[in-house]
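Peer 1: Okay, here's the structure, questions in a sec.
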Amino acid sequence: MPKSPSHAVVILAYDGLCTFEYGCAVEVFALPRPEFGSRWYRCAIAAVEPGPLRGTGGVVVQPDGGLELLDHAGTIVVPGWRGPAGAMPAPLIAALRRAHARVARLVAICAGAFVLAEAGLLAGRRATTHWHFTDRLAAFPGVQVAADVLYVDAGSILTSAGSAAGLDLCLHVVRMDFGAQVANTVARRMVVHAHRDGGQAQFVQRPVPKHAGTKLGLLFDRVRESLGAAWTVERMAHEAGLSVRSLHRHVRAATGHAPGAWLVAERLAEARTMLEETRRPVDEIARLVGFGSAPALRSHFRSLVGVTPTAYRRSFTAHPAGLPLR
């Protein structure tokens, strides 16, 4: 990916448009990015229905065409929907089924997952949506709902939780198509986190107390700057000026993970970046990110990513945007 020199992305627009979700897709895929050359996405807006397409906040969208645009798209984005029970036009359902049959990539943000579910495209697949609607999504036959993640990549069909998780999913698509360097550049332009893994918790169940927020932020920065160091839970607690019990409570509230699991996730994220962007040997990467040995890195990688580090690197060996590995 992209399969052609300028990969075609079509974003759906409909009356009652969710403007934030729509804006996420437009910001990532529709903005001109000449710094990446001619291989960047070509983007068009497809009207789901005739008439004025009004969005939240008084926005009116002028589309480039109708549902016929879906027949030539490599990626189709469904930016939210008019709620889980919102009417879904039969022509839209038919167009999405045709696109899926020819292996177009379908990307649904928030309630957009319900459109794919109504089309029968989520049966037998993992999917997610906003946590408020996961029970309703689970009512569709065969949908394997991941209720507490930011997004799910199920191959040709990808779904995300609500609002900002749509940005995470769109950046994930860029990362898969062009590699981490390009995705990081796009994220920097938007002033957002370059990579939040899809398995991260959707929402914070308890707010982090203000007195602990700064301590946690400084701790997270120190750990990320020296992932190869011997970071025990006790050392993290000492660095943050917290008891071990308090550290567990605050880190879980802030990230959805226990401190040890958060550390593993950070080390894996850095390992993935090194595998994508460098030619460093796997054993060296394992040492630099703090896993100590290649077998330990492979074990964590298989468990949480689903493939070996070598197989993961192989999928990023050829960078479509022409950016060389360091």
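By order of appearance in the structure tokens: chains A, B, ..., then residues from 1 within every chain, and ligands from 1 in the order shown.
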If you run DSSP on the backbone here, which positions in stretch 141-269 of chain A get strand (DSSP E)? Please write them as a PyMOL selection string.

Peer 2: chain A and resi 144-145+151-153+157-160

Peer 1: Between A:Ala286, A:Arg54, A:Trp262, A:Ser243, single out the one closest to A:Gly228, counting only C-alpha atoms.

Peer 2: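 Of A:Ala286, A:Arg54, A:Trp262, A:Ser243, the one nearest A:Gly228, counting only C-alpha atoms, is A:Ala286.
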
Peer 1: Just the residues within 7 Å of stretch 169-176 of chain A, please, counting only C-alpha atoms, with nothing from its chain fewer than 4 positions along; format it as a ChimeraX atom specification.

Peer 2: /A:25,28,151,160,165,180,183

Peer 1: So which residues touch A:Asp15 within 9 Å, counting only C-alpha atoms, skipping near sequence neighbours fewer than 5 positions away, as a ChimeraX atom specification?

Peer 2: /A:47-55,60-61,82

Peer 1: Residues as selected, N, CA and C atoms, written as a short mmCIF file (atom, residue, chain, number, x, y, z; two decimals), in the first residue's frame, can you do that?

Peer 2:
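Below is the file that was written, part08.cif:
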```cif
data_model
loop_
_atom_site.label_atom_id
_atom_site.label_comp_id
_atom_site.auth_asym_id
_atom_site.auth_seq_id
_atom_site.Cartn_x
_atom_site.Cartn_y
_atom_site.Cartn_z
N ALA A 47 -21.31 11.96 -1.46
CA ALA A 47 -22.59 12.19 -0.81
C ALA A 47 -23.34 10.87 -0.69
N VAL A 48 -23.79 10.58 0.52
CA VAL A 48 -24.57 9.37 0.76
C VAL A 48 -25.98 9.52 0.23
N GLU A 49 -26.46 10.78 0.17
CA GLU A 49 -27.85 11.05 -0.22
C GLU A 49 -27.91 12.42 -0.87
N PRO A 50 -28.97 12.70 -1.63
CA PRO A 50 -29.11 14.02 -2.25
C PRO A 50 -29.53 15.06 -1.22
N GLY A 51 -29.46 16.32 -1.65
CA GLY A 51 -29.90 17.40 -0.77
C GLY A 51 -28.77 17.99 0.02
N PRO A 52 -29.04 19.02 0.81
CA PRO A 52 -27.99 19.64 1.61
C PRO A 52 -27.46 18.66 2.66
N LEU A 53 -26.15 18.63 2.79
CA LEU A 53 -25.50 17.75 3.76
C LEU A 53 -24.99 18.63 4.90
N ARG A 54 -25.79 18.69 5.95
CA ARG A 54 -25.50 19.59 7.06
C ARG A 54 -24.86 18.83 8.21
N GLY A 55 -23.85 19.45 8.79
CA GLY A 55 -23.16 18.83 9.91
C GLY A 55 -23.39 19.58 11.20
N VAL A 60 -22.00 22.99 6.25
CA VAL A 60 -22.64 22.40 5.07
C VAL A 60 -21.52 21.90 4.15
N VAL A 61 -21.60 20.65 3.75
CA VAL A 61 -20.54 20.03 2.94
C VAL A 61 -20.95 20.01 1.48
N ARG A 82 -25.46 8.86 12.10
CA ARG A 82 -26.52 9.55 12.82
C ARG A 82 -27.00 8.71 14.00
#
```

Peer 1: Any idea what's packed within 8 Å of A:Arg125, counting only C-alpha atoms, ignoring anything in its chain fewer than 2 positions away? Could you give it as an NGL selection string?

Peer 2: :A and (122-123 or 127 or 142-144 or 154)

Peer 1: Using all heavy atoms, can you export the residues from the last selection as an mmCIF file, in the first residue's frame?

Peer 2:
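Just written: out-v9.cif:
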```cif
data_model
loop_
_atom_site.group_PDB
_atom_site.id
_atom_site.type_symbol
_atom_site.label_atom_id
_atom_site.label_comp_id
_atom_site.auth_asym_id
_atom_site.auth_seq_id
_atom_site.Cartn_x
_atom_site.Cartn_y
_atom_site.Cartn_z
ATOM 1 N N LEU A 122 -19.361 -6.933 9.419
ATOM 2 C CA LEU A 122 -18.615 -7.166 10.657
ATOM 3 C C LEU A 122 -18.849 -8.555 11.237
ATOM 4 O O LEU A 122 -18.231 -8.906 12.248
ATOM 5 C CB LEU A 122 -18.981 -6.116 11.707
ATOM 6 C CG LEU A 122 -18.649 -4.661 11.372
ATOM 7 C CD1 LEU A 122 -18.963 -3.755 12.546
ATOM 8 C CD2 LEU A 122 -17.188 -4.515 10.956
ATOM 9 N N ALA A 123 -19.710 -9.343 10.637
ATOM 10 C CA ALA A 123 -19.977 -10.690 11.139
ATOM 11 C C ALA A 123 -18.713 -11.526 11.113
ATOM 12 O O ALA A 123 -18.021 -11.603 10.094
ATOM 13 C CB ALA A 123 -21.063 -11.365 10.304
ATOM 14 N N ALA A 127 -14.377 -5.809 16.168
ATOM 15 C CA ALA A 127 -14.678 -4.422 15.841
ATOM 16 C C ALA A 127 -14.902 -3.661 17.137
ATOM 17 O O ALA A 127 -15.101 -4.250 18.204
ATOM 18 C CB ALA A 127 -15.921 -4.333 14.957
ATOM 19 N N GLY A 142 -22.748 -12.128 15.145
ATOM 20 C CA GLY A 142 -21.371 -12.479 14.787
ATOM 21 C C GLY A 142 -20.330 -11.423 15.022
ATOM 22 O O GLY A 142 -19.148 -11.669 14.800
ATOM 23 N N VAL A 143 -20.710 -10.224 15.490
ATOM 24 C CA VAL A 143 -19.717 -9.175 15.710
ATOM 25 C C VAL A 143 -18.978 -9.444 17.018
ATOM 26 O O VAL A 143 -19.587 -9.598 18.071
ATOM 27 C CB VAL A 143 -20.365 -7.784 15.754
ATOM 28 C CG1 VAL A 143 -19.294 -6.714 15.934
ATOM 29 C CG2 VAL A 143 -21.162 -7.521 14.495
ATOM 30 N N GLN A 144 -17.662 -9.490 16.942
ATOM 31 C CA GLN A 144 -16.825 -9.726 18.115
ATOM 32 C C GLN A 144 -16.359 -8.364 18.643
ATOM 33 O O GLN A 144 -15.358 -7.823 18.194
ATOM 34 C CB GLN A 144 -15.642 -10.609 17.744
ATOM 35 C CG GLN A 144 -16.048 -11.955 17.170
ATOM 36 C CD GLN A 144 -14.885 -12.677 16.501
ATOM 37 O OE1 GLN A 144 -13.722 -12.322 16.675
ATOM 38 N NE2 GLN A 144 -15.205 -13.695 15.713
ATOM 39 N N ALA A 154 -8.784 -5.106 11.543
ATOM 40 C CA ALA A 154 -9.158 -6.471 11.174
ATOM 41 C C ALA A 154 -8.896 -6.705 9.699
ATOM 42 O O ALA A 154 -9.690 -7.327 8.983
ATOM 43 C CB ALA A 154 -10.629 -6.728 11.506
#
```

Peer 1: Choose the residue, out of A:Ala73, A:Arg224, A:Met236, A:Ala253, that has the smallest atom-to-atom separation from A:Val289; count only C-alpha atoms.

Peer 2: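 Smallest distance to A:Val289 is found for A:Arg224.
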
Peer 1: Can you pull out every residue from stretch 129-324 of chain A that DSSP, working from the backbone, puts in helix (DSSP H, G or I), and format the result as an MDAnalysis selection string?

Peer 2: chainID A and resid 131:138 165:178 180:190 210:225 233:240 244:255 259:277 282:289 294:304 309:314
